[in-house]
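Enquirer: Below is the file final19.cif, with mmCIF, C-alpha atoms.
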```
data_model
#
loop_
_atom_site.group_PDB
_atom_site.id
_atom_site.type_symbol
_atom_site.label_atom_id
_atom_site.label_comp_id
_atom_site.auth_asym_id
_atom_site.auth_seq_id
_atom_site.Cartn_x
_atom_site.Cartn_y
_atom_site.Cartn_z
ATOM 1 C CA MET A 1 -24.779 107.363 -73.005
ATOM 2 C CA GLU A 2 -22.704 109.659 -70.848
ATOM 3 C CA LEU A 3 -22.049 108.610 -67.235
ATOM 4 C CA GLN A 4 -22.153 111.271 -64.539
ATOM 5 C CA SER A 5 -21.252 110.898 -60.864
ATOM 6 C CA ILE A 6 -21.584 113.314 -57.953
ATOM 7 C CA LYS A 7 -21.130 113.148 -54.181
ATOM 8 C CA GLN A 8 -23.949 112.847 -51.703
ATOM 9 C CA GLU A 9 -24.844 116.102 -49.934
ATOM 10 C CA GLN A 10 -23.097 118.053 -52.688
ATOM 11 C CA ARG A 11 -24.686 121.490 -52.546
ATOM 12 C CA ALA A 12 -26.376 121.056 -55.905
ATOM 13 C CA PHE A 13 -26.089 119.395 -59.258
ATOM 14 C CA SER A 14 -27.375 120.895 -62.457
ATOM 15 C CA TYR A 15 -27.977 119.431 -65.912
ATOM 16 C CA HIS A 16 -29.812 120.597 -69.012
ATOM 17 C CA ILE A 17 -32.190 117.661 -68.658
ATOM 18 C CA TRP A 18 -35.315 117.436 -66.581
ATOM 19 C CA SER A 19 -37.257 114.223 -67.172
ATOM 20 C CA GLY A 20 -36.879 111.758 -64.304
ATOM 21 C CA VAL A 21 -37.460 113.643 -61.039
ATOM 22 C CA ASN A 22 -39.938 116.170 -59.711
ATOM 23 C CA LYS A 23 -37.473 118.929 -58.947
ATOM 24 C CA SER A 24 -37.140 122.536 -60.008
ATOM 25 C CA SER A 25 -36.340 123.152 -63.639
ATOM 26 C CA SER A 26 -35.888 126.186 -65.777
ATOM 27 C CA GLY A 27 -35.360 127.103 -69.376
ATOM 28 C CA ALA A 28 -33.003 129.417 -71.255
ATOM 29 C CA ARG A 29 -31.995 130.067 -74.833
ATOM 30 C CA SER A 30 -28.588 128.964 -76.038
ATOM 31 C CA ASN A 31 -26.365 130.960 -78.387
ATOM 32 C CA SER A 32 -27.920 129.091 -81.288
ATOM 33 C CA GLY A 33 -31.381 130.279 -80.274
ATOM 34 C CA LEU A 34 -32.606 126.839 -79.201
ATOM 35 C CA ARG A 35 -34.552 126.416 -76.007
ATOM 36 C CA VAL A 36 -32.441 124.689 -73.307
ATOM 37 C CA GLY A 37 -33.989 123.128 -70.207
ATOM 38 C CA GLY A 38 -32.263 123.197 -66.837
ATOM 39 C CA LEU A 39 -32.651 121.035 -63.744
ATOM 40 C CA THR A 40 -31.227 121.813 -60.308
ATOM 41 C CA VAL A 41 -31.485 119.556 -57.252
ATOM 42 C CA TYR A 42 -30.237 120.745 -53.868
ATOM 43 C CA GLY A 43 -28.826 118.295 -51.321
ATOM 44 C CA ALA A 44 -28.193 115.317 -53.590
ATOM 45 C CA SER A 45 -29.079 111.907 -52.152
ATOM 46 C CA GLN A 46 -28.933 108.349 -53.480
ATOM 47 C CA GLY A 47 -32.572 108.541 -54.492
ATOM 48 C CA HIS A 48 -31.639 111.051 -57.209
ATOM 49 C CA GLY A 49 -29.624 108.431 -59.083
ATOM 50 C CA GLY A 50 -31.071 107.084 -62.315
ATOM 51 C CA ILE A 51 -31.596 107.887 -65.974
ATOM 52 C CA TYR A 52 -32.422 111.487 -66.933
ATOM 53 C CA ARG A 53 -33.771 112.504 -70.350
ATOM 54 C CA CYS A 54 -35.063 115.760 -71.821
ATOM 55 C CA THR A 55 -38.375 114.110 -72.682
ATOM 56 C CA PRO A 56 -39.798 110.658 -72.015
ATOM 57 C CA PHE A 57 -39.236 109.882 -75.711
ATOM 58 C CA SER A 58 -35.621 111.053 -75.915
ATOM 59 C CA SER A 59 -33.178 108.390 -77.080
ATOM 60 C CA VAL A 60 -30.225 110.163 -75.447
ATOM 61 C CA GLY A 61 -29.925 110.401 -71.693
ATOM 62 C CA TYR A 62 -27.589 110.668 -68.746
ATOM 63 C CA SER A 63 -26.993 107.987 -66.173
ATOM 64 C CA LEU A 64 -26.449 109.688 -62.818
ATOM 65 C CA THR A 65 -24.841 107.867 -59.890
ATOM 66 C CA VAL A 66 -24.769 109.474 -56.442
ATOM 67 C CA VAL A 67 -21.851 108.290 -54.325
ATOM 68 C CA GLY A 68 -21.281 108.837 -50.620
ATOM 69 C CA GLY A 69 -18.971 111.664 -49.632
ATOM 70 C CA ALA A 70 -17.104 111.936 -46.341
ATOM 71 C CA LEU A 71 -18.400 114.741 -44.140
ATOM 72 C CA THR A 72 -15.642 116.754 -42.568
ATOM 73 C CA ASN A 73 -15.405 119.612 -40.082
ATOM 74 C CA SER A 74 -13.146 122.278 -41.541
ATOM 75 C CA HIS A 75 -12.908 124.377 -38.370
ATOM 76 C CA PRO A 76 -9.160 124.713 -37.555
ATOM 77 C CA HIS A 77 -9.770 124.161 -33.811
ATOM 78 C CA ALA A 78 -12.348 121.389 -34.147
ATOM 79 C CA ASP A 79 -11.258 118.546 -31.902
ATOM 80 C CA GLY A 80 -14.340 116.505 -31.185
ATOM 81 C CA LEU A 81 -17.782 115.247 -31.979
ATOM 82 C CA LYS A 82 -20.280 114.754 -29.177
ATOM 83 C CA ILE A 83 -23.439 112.672 -29.516
ATOM 84 C CA LEU A 84 -26.173 114.100 -27.315
ATOM 85 C CA SER A 85 -28.792 112.043 -25.530
ATOM 86 C CA LEU A 86 -32.247 113.612 -25.489
ATOM 87 C CA ASN A 87 -33.271 114.500 -21.901
ATOM 88 C CA GLY A 88 -29.837 113.399 -20.724
ATOM 89 C CA VAL A 89 -26.864 115.391 -19.413
ATOM 90 C CA ALA A 90 -24.080 116.783 -21.614
ATOM 91 C CA THR A 91 -20.752 117.975 -20.202
ATOM 92 C CA PHE A 92 -18.141 119.967 -22.128
ATOM 93 C CA THR A 93 -14.695 120.726 -20.698
ATOM 94 C CA CYS A 94 -12.095 123.308 -21.663
ATOM 95 C CA ASN A 95 -8.472 123.651 -20.576
ATOM 96 C CA THR A 96 -8.115 127.036 -18.855
ATOM 97 C CA THR A 97 -4.433 126.620 -17.949
ATOM 98 C CA LYS A 98 -1.925 128.743 -19.856
ATOM 99 C CA SER A 99 1.520 127.561 -20.867
ATOM 100 C CA ASP A 100 3.016 129.391 -17.866
ATOM 101 C CA GLY A 101 0.691 127.549 -15.459
ATOM 102 C CA THR A 102 -1.629 130.452 -14.711
ATOM 103 C CA GLN A 103 -5.396 130.275 -15.227
ATOM 104 C CA ARG A 104 -7.372 132.297 -17.708
ATOM 105 C CA SER A 105 -11.044 133.151 -17.983
ATOM 106 C CA VAL A 106 -13.017 131.530 -20.793
ATOM 107 C CA ASP A 107 -16.469 131.789 -22.297
ATOM 108 C CA TRP A 108 -18.590 129.180 -24.036
ATOM 109 C CA TYR A 109 -20.473 129.911 -27.268
ATOM 110 C CA HIS A 110 -23.223 127.914 -28.943
ATOM 111 C CA ASN A 111 -23.523 128.615 -32.658
ATOM 112 C CA MET A 112 -21.597 131.865 -32.041
ATOM 113 C CA GLU A 113 -23.937 133.010 -29.249
ATOM 114 C CA LEU A 114 -22.497 133.601 -25.757
ATOM 115 C CA LEU A 115 -23.756 131.144 -23.138
ATOM 116 C CA GLU A 116 -24.541 132.127 -19.592
ATOM 117 C CA THR A 117 -25.836 130.131 -16.625
ATOM 118 C CA GLU A 118 -29.618 129.943 -17.020
ATOM 119 C CA ASP A 119 -32.324 127.299 -17.360
ATOM 120 C CA GLU A 120 -30.613 124.093 -18.589
ATOM 121 C CA ILE A 121 -27.198 125.774 -19.035
ATOM 122 C CA THR A 122 -24.514 125.889 -16.320
ATOM 123 C CA VAL A 123 -21.157 127.557 -17.039
ATOM 124 C CA LYS A 124 -18.553 126.943 -14.325
ATOM 125 C CA PRO A 125 -15.448 129.096 -13.649
ATOM 126 C CA ASN A 126 -13.150 126.133 -14.339
ATOM 127 C CA GLY A 127 -14.238 126.066 -17.994
ATOM 128 C CA THR A 128 -16.837 123.302 -17.684
ATOM 129 C CA LEU A 129 -20.169 123.613 -19.492
ATOM 130 C CA ILE A 130 -23.112 121.433 -18.363
ATOM 131 C CA ILE A 131 -26.455 121.060 -20.131
ATOM 132 C CA ASP A 132 -29.187 119.342 -18.113
ATOM 133 C CA PRO A 133 -31.550 118.236 -19.529
ATOM 134 C CA VAL A 134 -30.519 118.154 -23.187
ATOM 135 C CA LYS A 135 -33.065 119.321 -25.761
ATOM 136 C CA GLU A 136 -33.100 119.274 -29.547
ATOM 137 C CA GLU A 137 -32.232 122.980 -29.628
ATOM 138 C CA HIS A 138 -28.849 122.193 -28.070
ATOM 139 C CA VAL A 139 -27.523 120.632 -31.265
ATOM 140 C CA GLY A 140 -24.810 122.685 -32.935
ATOM 141 C CA THR A 141 -21.240 123.920 -32.574
ATOM 142 C CA TYR A 142 -19.805 124.742 -29.145
ATOM 143 C CA GLU A 143 -16.688 126.872 -28.827
ATOM 144 C CA CYS A 144 -14.615 127.623 -25.779
ATOM 145 C CA LYS A 145 -12.913 131.000 -26.199
ATOM 146 C CA ALA A 146 -10.403 132.922 -24.149
ATOM 147 C CA ARG A 147 -11.205 136.565 -23.395
ATOM 148 C CA THR A 148 -8.736 137.411 -26.159
ATOM 149 C CA ASN A 149 -11.251 135.730 -28.512
ATOM 150 C CA GLU A 150 -8.857 132.841 -29.127
ATOM 151 C CA VAL A 151 -10.732 129.602 -29.791
ATOM 152 C CA LEU A 152 -9.439 126.987 -27.365
ATOM 153 C CA ARG A 153 -11.838 124.201 -28.247
ATOM 154 C CA SER A 154 -14.612 123.533 -30.749
ATOM 155 C CA VAL A 155 -17.041 120.630 -30.442
ATOM 156 C CA THR A 156 -19.865 119.642 -32.774
ATOM 157 C CA ALA A 157 -22.858 118.255 -30.875
ATOM 158 C CA ILE A 158 -25.446 116.137 -32.689
ATOM 159 C CA PHE A 159 -28.278 113.711 -32.029
ATOM 160 C CA PHE A 160 -27.728 110.305 -33.586
ATOM 161 C CA SER A 161 -29.276 106.891 -32.998
ATOM 162 C CA TYR A 162 -29.985 103.817 -35.086
ATOM 163 C CA LYS A 163 -31.193 100.234 -34.752
ATOM 164 C CA VAL A 164 -29.410 97.208 -36.137
ATOM 165 C CA MET A 165 -31.326 95.448 -38.904
ATOM 166 C CA PRO A 166 -32.364 91.799 -38.385
ATOM 167 C CA LYS A 167 -29.602 89.321 -39.184
ATOM 168 C CA SER A 168 -31.642 87.743 -41.968
ATOM 169 C CA GLY A 169 -35.034 87.780 -43.616
ATOM 170 C CA THR A 170 -37.123 86.039 -46.266
ATOM 171 C CA ALA A 171 -38.823 87.333 -49.398
ATOM 172 C CA ILE A 172 -41.285 85.505 -51.647
ATOM 173 C CA GLU A 173 -40.583 85.397 -55.366
ATOM 174 C CA GLY A 174 -42.810 87.852 -57.229
ATOM 175 C CA ASP A 175 -43.719 89.832 -54.098
ATOM 176 C CA LYS A 176 -42.361 93.153 -52.835
ATOM 177 C CA LEU A 177 -39.533 93.421 -50.327
ATOM 178 C CA THR A 178 -39.507 96.367 -47.908
ATOM 179 C CA LEU A 179 -36.370 97.183 -45.905
ATOM 180 C CA THR A 180 -36.138 100.008 -43.374
ATOM 181 C CA CYS A 181 -33.038 101.535 -41.820
ATOM 182 C CA GLU A 182 -34.266 102.884 -38.476
ATOM 183 C CA VAL A 183 -32.185 106.020 -37.983
ATOM 184 C CA GLU A 184 -32.764 109.381 -36.340
ATOM 185 C CA GLY A 185 -30.485 112.356 -36.070
ATOM 186 C CA ILE A 186 -30.061 116.107 -35.994
ATOM 187 C CA PRO A 187 -28.851 117.093 -38.479
ATOM 188 C CA ARG A 188 -30.520 114.438 -40.588
ATOM 189 C CA PRO A 189 -28.129 111.563 -41.340
ATOM 190 C CA ILE A 190 -27.451 110.488 -44.917
ATOM 191 C CA ILE A 191 -28.271 106.942 -45.983
ATOM 192 C CA SER A 192 -27.024 104.849 -48.884
ATOM 193 C CA TRP A 193 -28.112 101.312 -49.806
ATOM 194 C CA THR A 194 -26.092 98.516 -51.384
ATOM 195 C CA LYS A 195 -26.608 94.880 -52.282
ATOM 196 C CA ASP A 196 -23.522 92.697 -52.077
ATOM 197 C CA ASN A 197 -21.434 95.903 -51.932
ATOM 198 C CA THR A 198 -22.903 97.271 -55.172
ATOM 199 C CA SER A 199 -25.262 100.248 -55.431
ATOM 200 C CA LEU A 200 -28.830 99.026 -55.078
ATOM 201 C CA VAL A 201 -30.047 100.929 -58.145
ATOM 202 C CA GLU A 202 -27.123 99.664 -60.207
ATOM 203 C CA GLU A 203 -27.600 96.075 -59.036
ATOM 204 C CA LEU A 204 -31.396 95.792 -59.393
ATOM 205 C CA GLY A 205 -32.329 98.576 -61.796
ATOM 206 C CA ALA A 206 -34.039 101.881 -61.065
ATOM 207 C CA GLU A 207 -37.437 100.652 -62.256
ATOM 208 C CA ARG A 208 -37.618 98.065 -59.440
ATOM 209 C CA VAL A 209 -36.273 100.213 -56.595
ATOM 210 C CA GLU A 210 -38.315 102.849 -54.756
ATOM 211 C CA PHE A 211 -36.911 104.954 -51.922
ATOM 212 C CA ARG A 212 -39.248 106.367 -49.294
ATOM 213 C CA THR A 213 -38.901 108.978 -46.566
ATOM 214 C CA ASP A 214 -40.895 109.363 -43.360
ATOM 215 C CA GLU A 215 -42.119 112.915 -43.866
ATOM 216 C CA ASP A 216 -43.765 112.955 -40.427
ATOM 217 C CA ASN A 217 -40.427 112.534 -38.632
ATOM 218 C CA ASP A 218 -38.124 115.529 -39.073
ATOM 219 C CA LYS A 219 -35.210 113.543 -37.591
ATOM 220 C CA ALA A 220 -35.555 110.614 -40.021
ATOM 221 C CA PRO A 221 -33.240 110.695 -43.060
ATOM 222 C CA GLU A 222 -34.260 110.555 -46.673
ATOM 223 C CA ASN A 223 -34.452 107.117 -48.315
ATOM 224 C CA ALA A 224 -34.591 105.315 -44.960
ATOM 225 C CA THR A 225 -37.007 102.800 -46.501
ATOM 226 C CA VAL A 226 -36.457 100.967 -49.764
ATOM 227 C CA VAL A 227 -39.120 98.938 -51.567
ATOM 228 C CA ILE A 228 -38.008 96.389 -54.156
ATOM 229 C CA SER A 229 -40.713 95.124 -56.483
ATOM 230 C CA ASP A 230 -41.057 91.815 -58.354
ATOM 231 C CA ILE A 231 -38.560 89.845 -56.248
ATOM 232 C CA LYS A 232 -36.481 87.352 -58.222
ATOM 233 C CA PRO A 233 -34.305 84.408 -57.095
ATOM 234 C CA ASP A 234 -31.173 86.399 -57.993
ATOM 235 C CA ASP A 235 -32.184 89.066 -55.447
ATOM 236 C CA ARG A 236 -30.899 86.807 -52.684
ATOM 237 C CA GLY A 237 -27.944 88.467 -50.947
ATOM 238 C CA THR A 238 -26.720 90.933 -48.337
ATOM 239 C CA TYR A 239 -28.474 94.299 -48.192
ATOM 240 C CA LYS A 240 -26.521 96.991 -46.374
ATOM 241 C CA CYS A 241 -27.573 100.383 -45.065
ATOM 242 C CA THR A 242 -24.673 102.815 -44.616
ATOM 243 C CA ILE A 243 -25.353 105.807 -42.359
ATOM 244 C CA ARG A 244 -23.284 108.995 -42.338
ATOM 245 C CA SER A 245 -23.620 111.945 -39.987
ATOM 246 C CA ASP A 246 -20.920 114.565 -39.363
ATOM 247 C CA GLY A 247 -18.024 112.149 -39.674
ATOM 248 C CA ILE A 248 -19.857 109.205 -38.072
ATOM 249 C CA VAL A 249 -20.149 106.188 -40.362
ATOM 250 C CA LYS A 250 -22.266 103.217 -39.267
ATOM 251 C CA GLU A 251 -23.373 100.145 -41.180
ATOM 252 C CA THR A 252 -26.174 97.675 -40.589
ATOM 253 C CA GLN A 253 -27.081 94.819 -42.896
ATOM 254 C CA THR A 254 -29.397 91.878 -43.384
ATOM 255 C CA TYR A 255 -29.217 88.729 -45.509
ATOM 256 C CA ILE A 256 -32.327 88.128 -47.595
ATOM 257 C CA ARG A 257 -33.336 84.664 -48.802
ATOM 258 C CA VAL A 258 -35.787 84.309 -51.675
ATOM 259 C CA LYS A 259 -38.371 81.522 -51.522
ATOM 260 C CA ASP A 260 -40.194 80.054 -54.478
ATOM 261 C CA ILE A 261 -43.753 81.338 -54.772
ATOM 262 C CA TYR A 262 -45.050 77.814 -54.098
ATOM 263 C CA ALA A 263 -42.565 77.095 -51.324
ATOM 264 C CA ALA A 264 -45.234 77.368 -48.639
ATOM 265 C CA LEU A 265 -47.327 74.719 -50.411
ATOM 266 C CA TRP A 266 -44.675 72.003 -50.434
ATOM 267 C CA PRO A 267 -45.011 71.074 -46.728
ATOM 268 C CA PHE A 268 -48.810 71.003 -47.093
ATOM 269 C CA LEU A 269 -48.607 68.860 -50.221
ATOM 270 C CA GLY A 270 -46.197 66.497 -48.456
ATOM 271 C CA ILE A 271 -48.595 66.065 -45.546
ATOM 272 C CA LEU A 272 -51.503 65.621 -47.970
ATOM 273 C CA VAL A 273 -49.648 62.859 -49.839
ATOM 274 C CA GLU A 274 -48.831 61.110 -46.562
ATOM 275 C CA VAL A 275 -52.502 61.236 -45.506
ATOM 276 C CA VAL A 276 -53.667 59.902 -48.897
ATOM 277 C CA VAL A 277 -51.159 57.036 -48.790
ATOM 278 C CA LEU A 278 -52.127 56.202 -45.201
ATOM 279 C CA CYS A 279 -55.834 56.215 -46.074
ATOM 280 C CA LEU A 280 -55.139 54.022 -49.118
ATOM 281 C CA VAL A 281 -53.217 51.498 -47.006
ATOM 282 C CA ILE A 282 -55.994 51.383 -44.414
ATOM 283 C CA PHE A 283 -58.610 50.979 -47.151
ATOM 284 C CA ILE A 284 -56.769 48.085 -48.813
ATOM 285 C CA TYR A 285 -56.148 46.425 -45.459
ATOM 286 C CA GLU A 286 -59.778 46.716 -44.410
ATOM 287 C CA LYS A 287 -60.984 45.447 -47.780
ATOM 288 C CA ARG A 288 -58.762 42.374 -47.601
ATOM 289 C CA ARG A 289 -59.742 41.689 -43.997
ATOM 290 C CA THR A 290 -63.441 41.899 -44.896
ATOM 291 C CA LYS A 291 -62.914 39.501 -47.811
ATOM 292 C CA ASN A 292 -61.094 37.005 -45.577
ATOM 293 C CA ASP A 293 -63.863 37.173 -42.956
ATOM 294 C CA PHE A 294 -66.440 36.571 -45.675
ATOM 295 C CA ASP A 295 -64.529 33.552 -47.051
ATOM 296 C CA GLU A 296 -64.188 32.052 -43.574
ATOM 297 C CA SER A 297 -67.936 32.498 -42.999
ATOM 298 C CA ASP A 298 -68.738 30.653 -46.232
ATOM 299 C CA THR A 299 -66.390 27.810 -45.267
ATOM 300 C CA ASP A 300 -67.992 27.415 -41.850
ATOM 301 C CA GLN A 301 -71.469 27.294 -43.371
ATOM 302 C CA GLY A 302 -70.334 24.649 -45.896
ATOM 303 C CA ASN A 303 -68.902 22.431 -43.156
ATOM 304 C CA GLY A 304 -72.119 22.684 -41.198
ATOM 305 C CA LYS A 305 -74.266 21.475 -44.074
ATOM 306 C CA GLY A 306 -71.961 18.504 -44.748
ATOM 307 C CA GLY A 307 -72.285 17.325 -41.125
ATOM 308 C CA ASN A 308 -76.059 17.106 -41.354
#
```
Starting from the file, give its structure as structure tokens.
Expert:
Amino acid sequence: MELQSIKQEQRAFSYHIWSGVNKSSSGARSNSGLRVGGLTVYGASQGHGGIYRCTPFSSVGYSLTVVGGALTNSHPHADGLKILSLNGVATFTCNTTKSDGTQRSVDWYHNMELLETEDEITVKPNGTLIIDPVKEEHVGTYECKARTNEVLRSVTAIFFSYKVMPKSGTAIEGDKLTLTCEVEGIPRPIISWTKDNTSLVEELGAERVEFRTDEDNDKAPENATVVISDIKPDDRGTYKCTIRSDGIVKETQTYIRVKDIYAALWPFLGILVEVVVLCLVIFIYEKRRTKNDFDESDTDQGNGKGGN
């Protein structure tokens, strides 16, 4: 079996195989006249990893692994990344001083469109740009340009927030385990999952791992939730969610313990045994005490008759 590997967020990957995912496919004839199937997936994510075959009955397939790729800003004047806070205030500064000490006039551009003071936007003569309040539409690339069209500064502004996963959790053997990486961002962040620093699909097998996406939240990334079926004792370990967004890399993890399916019964059974033993002791004690009282009663009656 041939092993293939591509980077996350790669523009597309294409193979002449199509069984395995519900993505666009096409067909063409090869030079030999045989029909050849084609599969193209745009915006590769970890969920696209797995085994691909031409038909469900094909004995030959491809194992595809999607690995994380660093996101870089190739703009020659890019010098910063700014995380915006929704409904907050964002301030951008630009150095307007020339090498000879004199000042120059500058303009600010958002996604190549000239900004002027209006509504939430304030452009000051000293090269400062203020956005108050910040809205989702303010995500993008900001450039400070001299009137000669020279780019003096370029800043990428994004929304990005995430919650740390619980330190630990418990799963029951045979049940399903659901883990969620609570992340939001514009553009959508990219998520990858590992167990004990090994790809989740590789560690547990594609048939037991299901990735889910919150389709109702356009800021939530793909594969933010993972569902692992048929939990086994060996599934105990550290599960890590790695988040990438425009050069930002964050990690959050949780340690999962696996309990035996009857683990919850052991405390109950222990208490039940204690109650049974206690009842047995009380029963034996009461029975012996009753017998002794009866014997003493017979003895007293015998002594009474002898006295008469």
Enquirer: Enumerate, as an NGL selection string, the residues matched when the PyMOL selection byres ((chain A and resi 88) around 10) is run on the file above.
Expert: :A and (84-87 or 89-90 or 131-135)
Enquirer: Applied to this file, what does the PyMOL selection byres ((chain A and resi 160) around 12) return in terms of residues, put as a PyMOL selection string?
Expert: chain A and resi 81-86+136+139+157-159+161-163+182-190+219-221+243-250
Enquirer: Skipping near chain neighbours, those fewer than 3 positions away, what residues fall within 7 Å of Val227 (chain A) using only C-alpha atoms, listed as a VMD selection string?
Expert: chain A and resid 176 to 179 209 to 211
Enquirer: Just want the 9 Å neighbourhood of Arg212 (chain A), counted on all atoms listed in the file, with same-chain residues fewer than 2 positions away dropped. Output as a ChimeraX atom specification.
Expert: /A:47,210,214-215,222-227
Enquirer: For the selection you just gave me, I'd like the residues written to a file as an mmCIF file, in the frame of the given file, keeping C-alpha atoms.
Expert:
```
data_model
loop_
_atom_site.group_PDB
_atom_site.id
_atom_site.type_symbol
_atom_site.label_atom_id
_atom_site.label_comp_id
_atom_site.auth_asym_id
_atom_site.auth_seq_id
_atom_site.Cartn_x
_atom_site.Cartn_y
_atom_site.Cartn_z
ATOM 1 C CA GLY A 47 -32.572 108.541 -54.492
ATOM 2 C CA GLU A 210 -38.315 102.849 -54.756
ATOM 3 C CA ASP A 214 -40.895 109.363 -43.360
ATOM 4 C CA GLU A 215 -42.119 112.915 -43.866
ATOM 5 C CA GLU A 222 -34.260 110.555 -46.673
ATOM 6 C CA ASN A 223 -34.452 107.117 -48.315
ATOM 7 C CA ALA A 224 -34.591 105.315 -44.960
ATOM 8 C CA THR A 225 -37.007 102.800 -46.501
ATOM 9 C CA VAL A 226 -36.457 100.967 -49.764
ATOM 10 C CA VAL A 227 -39.120 98.938 -51.567
#
```
Enquirer: I'd like the interatomic distance between CA of Glu150 (chain A) and CA of Thr91 (chain A), to a tenth of an Å.
Expert: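 Calculated distance between CA of Glu150 (chain A) and CA of Thr91 (chain A) is 21.0 Å.
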Enquirer: Out of A:Ser229, A:Thr141, A:Thr213, A:Gln253, which residue has the shortest atom-to-atom distance to Asp196 (chain A) when counting all atoms listed in the file?
Expert: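 That would be A:Gln253, the residue with the smallest distance to Asp196 (chain A).
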